[in-house]
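Since the structure comes first, as structure tokens, the remarks are kept for the end.
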Amino acid sequence: LQRLWPMMAFGKGFRFMNHFVRRQALAQRPASVALLVGAALAAGLLAQPCAAQDGLALKLTSWLASAQVQGMPLMAAQPLTFEELIAAVEDSHPALRTARVQARAAEQDVDSVDRQRWPSLSVVMESASGGGGTVVPSRLFRVEHTLWDFGRIKNLRAESREQVNIAQTNVAISRQELLLQALNAWQQLVGGVERERVARKALVQLVDYREQMQRRVEANASAAIDLALAEARVLQAQADLAQARSVVLQATARLEQLSGLPHLGARVRDVQLAPLMRPVDAMAQQLRLVDLTTVASESPTVQRAAYEHSVLQKRLEVKAAEQNPQVYFRLDKPLDSASGSGNTSPRYYVGLRYSPSAGGAGYSEVKALATRLEGQELAADTA
């Protein structure tokens with residue numbers, strides 16, 4: 001009797017544990033399942049003789065290891081919050097990071113265009129032949145600066161600044177699109193988790209009802225058709241649970257893709273609709289005071305269309321300025337005496353430079369840009 005009593009107590013505890021584990025698994029509480037099973041097996045291990053403790057300890061260790069591998073953590077994971085999700089999307093999404101890199105590159109282009117206003121420095125070595133005489137090669141240091149270019153550099157600078165505005169607007173548009181996708185996936189996740197929670201509770205109750213009906217049918221207190229109906233309701237609840245679980249898995253996968261956060265499946269059990277919903281009446285009253293025309297004009301999409309129109313306008317002015325002559329200043333400082341004269345004094349020049357495009361291609365480019373500008377005006381109105 002002293003040997004059989006611990007085994008009988010352990011058997012009753014194991015049957016109770018089995019029933020509780022099944023209910024907790026249906027309710028999807030892996031932490032409770034793991035802790036209860038671990039405690040029960042530990043109690044049973046202490047109740048066994050020393051010879052049997054080694055085998056039970058081995059089984060307990062292997063079960064706990066398999067529970068962790070199969071996604072049943074002994075400690076509950078920290079629930080995912082909407083603020084954490086948004087911060088991860090803004091920090092790690094490749095599309096948003098690419099837009100920010102393009103914005104920094106556009107700012108660097110502005111600096112490169114500004115430097116075109118500075119004089120250009122060069123070292124020149126020239127040699128001539130022909131004319132029946134011997135020409136000594138000349139080497140000189142040259143400084144050249146454009147005094148007047150009909151606004152070419154000025155319009156180039158303005159165009160580069162508009163490109164910065166476009167790049168920054170692209171960052172805002174990318175951020176807005178990604179946050180809207182994250183919000184839609186979050187709403188889908190919250191709805192799926194709630195449906196899954198309700199479906200699990202209903203399944204637990206229906207399983208208990210089926211067991212009660214099974215006992216009633218075995219005791220001839222109810223007809224067999226009642227048990228079949230209970231079984232059918234259990235199957236329907238399982239189908240509802242599978243459908244809700246599929247929605248949760250899809251939303252979780254989408255959030256992992258957007259945020260880059262791994263293993264979100266264990267953190268979405270207790271999610272809440274984090275953004276506080278203001279009362280509908282207060283929101284409606286606030287919307288009545290908003291000028292929708294101003295809101296539309298401040299939209300990033302509309303602003304980008306306006307910036308693109310300005311870029312084409314400045315580019316057209318640059319091409320038009322290139323068709324005009326340029327006034328320049330040049331300083332040449334010989335580095336050695338040419339033709340043995342021994343004169344190395346600097347020479348100063350002020351000149352007029354005009355380089356027409358081959359076949360009048362520059363004028364054709366101006367006409368093409370003017371046509372594109374008209375199309376961009378229509379695109380701005382469409383936005």
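Every chain in the structure tokens has a letter given in the order shown (A, B, ...), and although residue numbers restart at 1 in each chain, ligands are simply numbered from 1 in the order shown.
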Long-range neighbours of segment 361-367 of chain A as a ChimeraX atom specification, 10 Å cut-off, only C-alpha atoms, 6 positions minimum in chain: /A:315-320,322-323,373
Limited to C-alpha atoms, could you put the picked residues into a file as a PDB file, in the first residue's frame?
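And here's selection19.pdb as it stands now:
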ATOM      1  CA  ARG A 315      15.710  73.696 -66.263  1.00  0.00           C
ATOM      2  CA  LEU A 316      14.072  75.536 -69.161  1.00  0.00           C
ATOM      3  CA  GLU A 317      15.687  78.789 -68.036  1.00  0.00           C
ATOM      4  CA  VAL A 318      19.084  77.055 -67.793  1.00  0.00           C
ATOM      5  CA  LYS A 319      18.797  75.772 -71.361  1.00  0.00           C
ATOM      6  CA  ALA A 320      17.718  79.191 -72.566  1.00  0.00           C
ATOM      7  CA  GLU A 322      23.087  78.331 -72.503  1.00  0.00           C
ATOM      8  CA  GLN A 323      22.047  79.691 -75.907  1.00  0.00           C
ATOM      9  CA  LEU A 373       6.318  72.137 -68.698  1.00  0.00           C
TER      10      LEU A 373
END
Filtered DSSP result for segment 116-223 of chain A, state alpha helix (DSSP H), as a VMD selection string: chain A and resid 152 to 218
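Residue nearest Gln188 of chain A, chosen from A:Leu335, A:Ile86, A:Val248, A:Ala95 and counting only C-alpha atoms: A:Val248.
Going from atom CA of Gln243 of chain A to atom CA of Thr81 of chain A covers 23.8 Å.
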Counting only C-alpha atoms, the residue of A:Ser297, A:Asn220, A:Ser138, A:Ser122 that sits nearest Asp336 of chain A: A:Ser138
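Among the candidate residues A:Val193, A:Met125, A:Ala199, A:Leu156, the one lying nearest to Arg139 of chain A is A:Met125, with distances computed using only C-alpha atoms.
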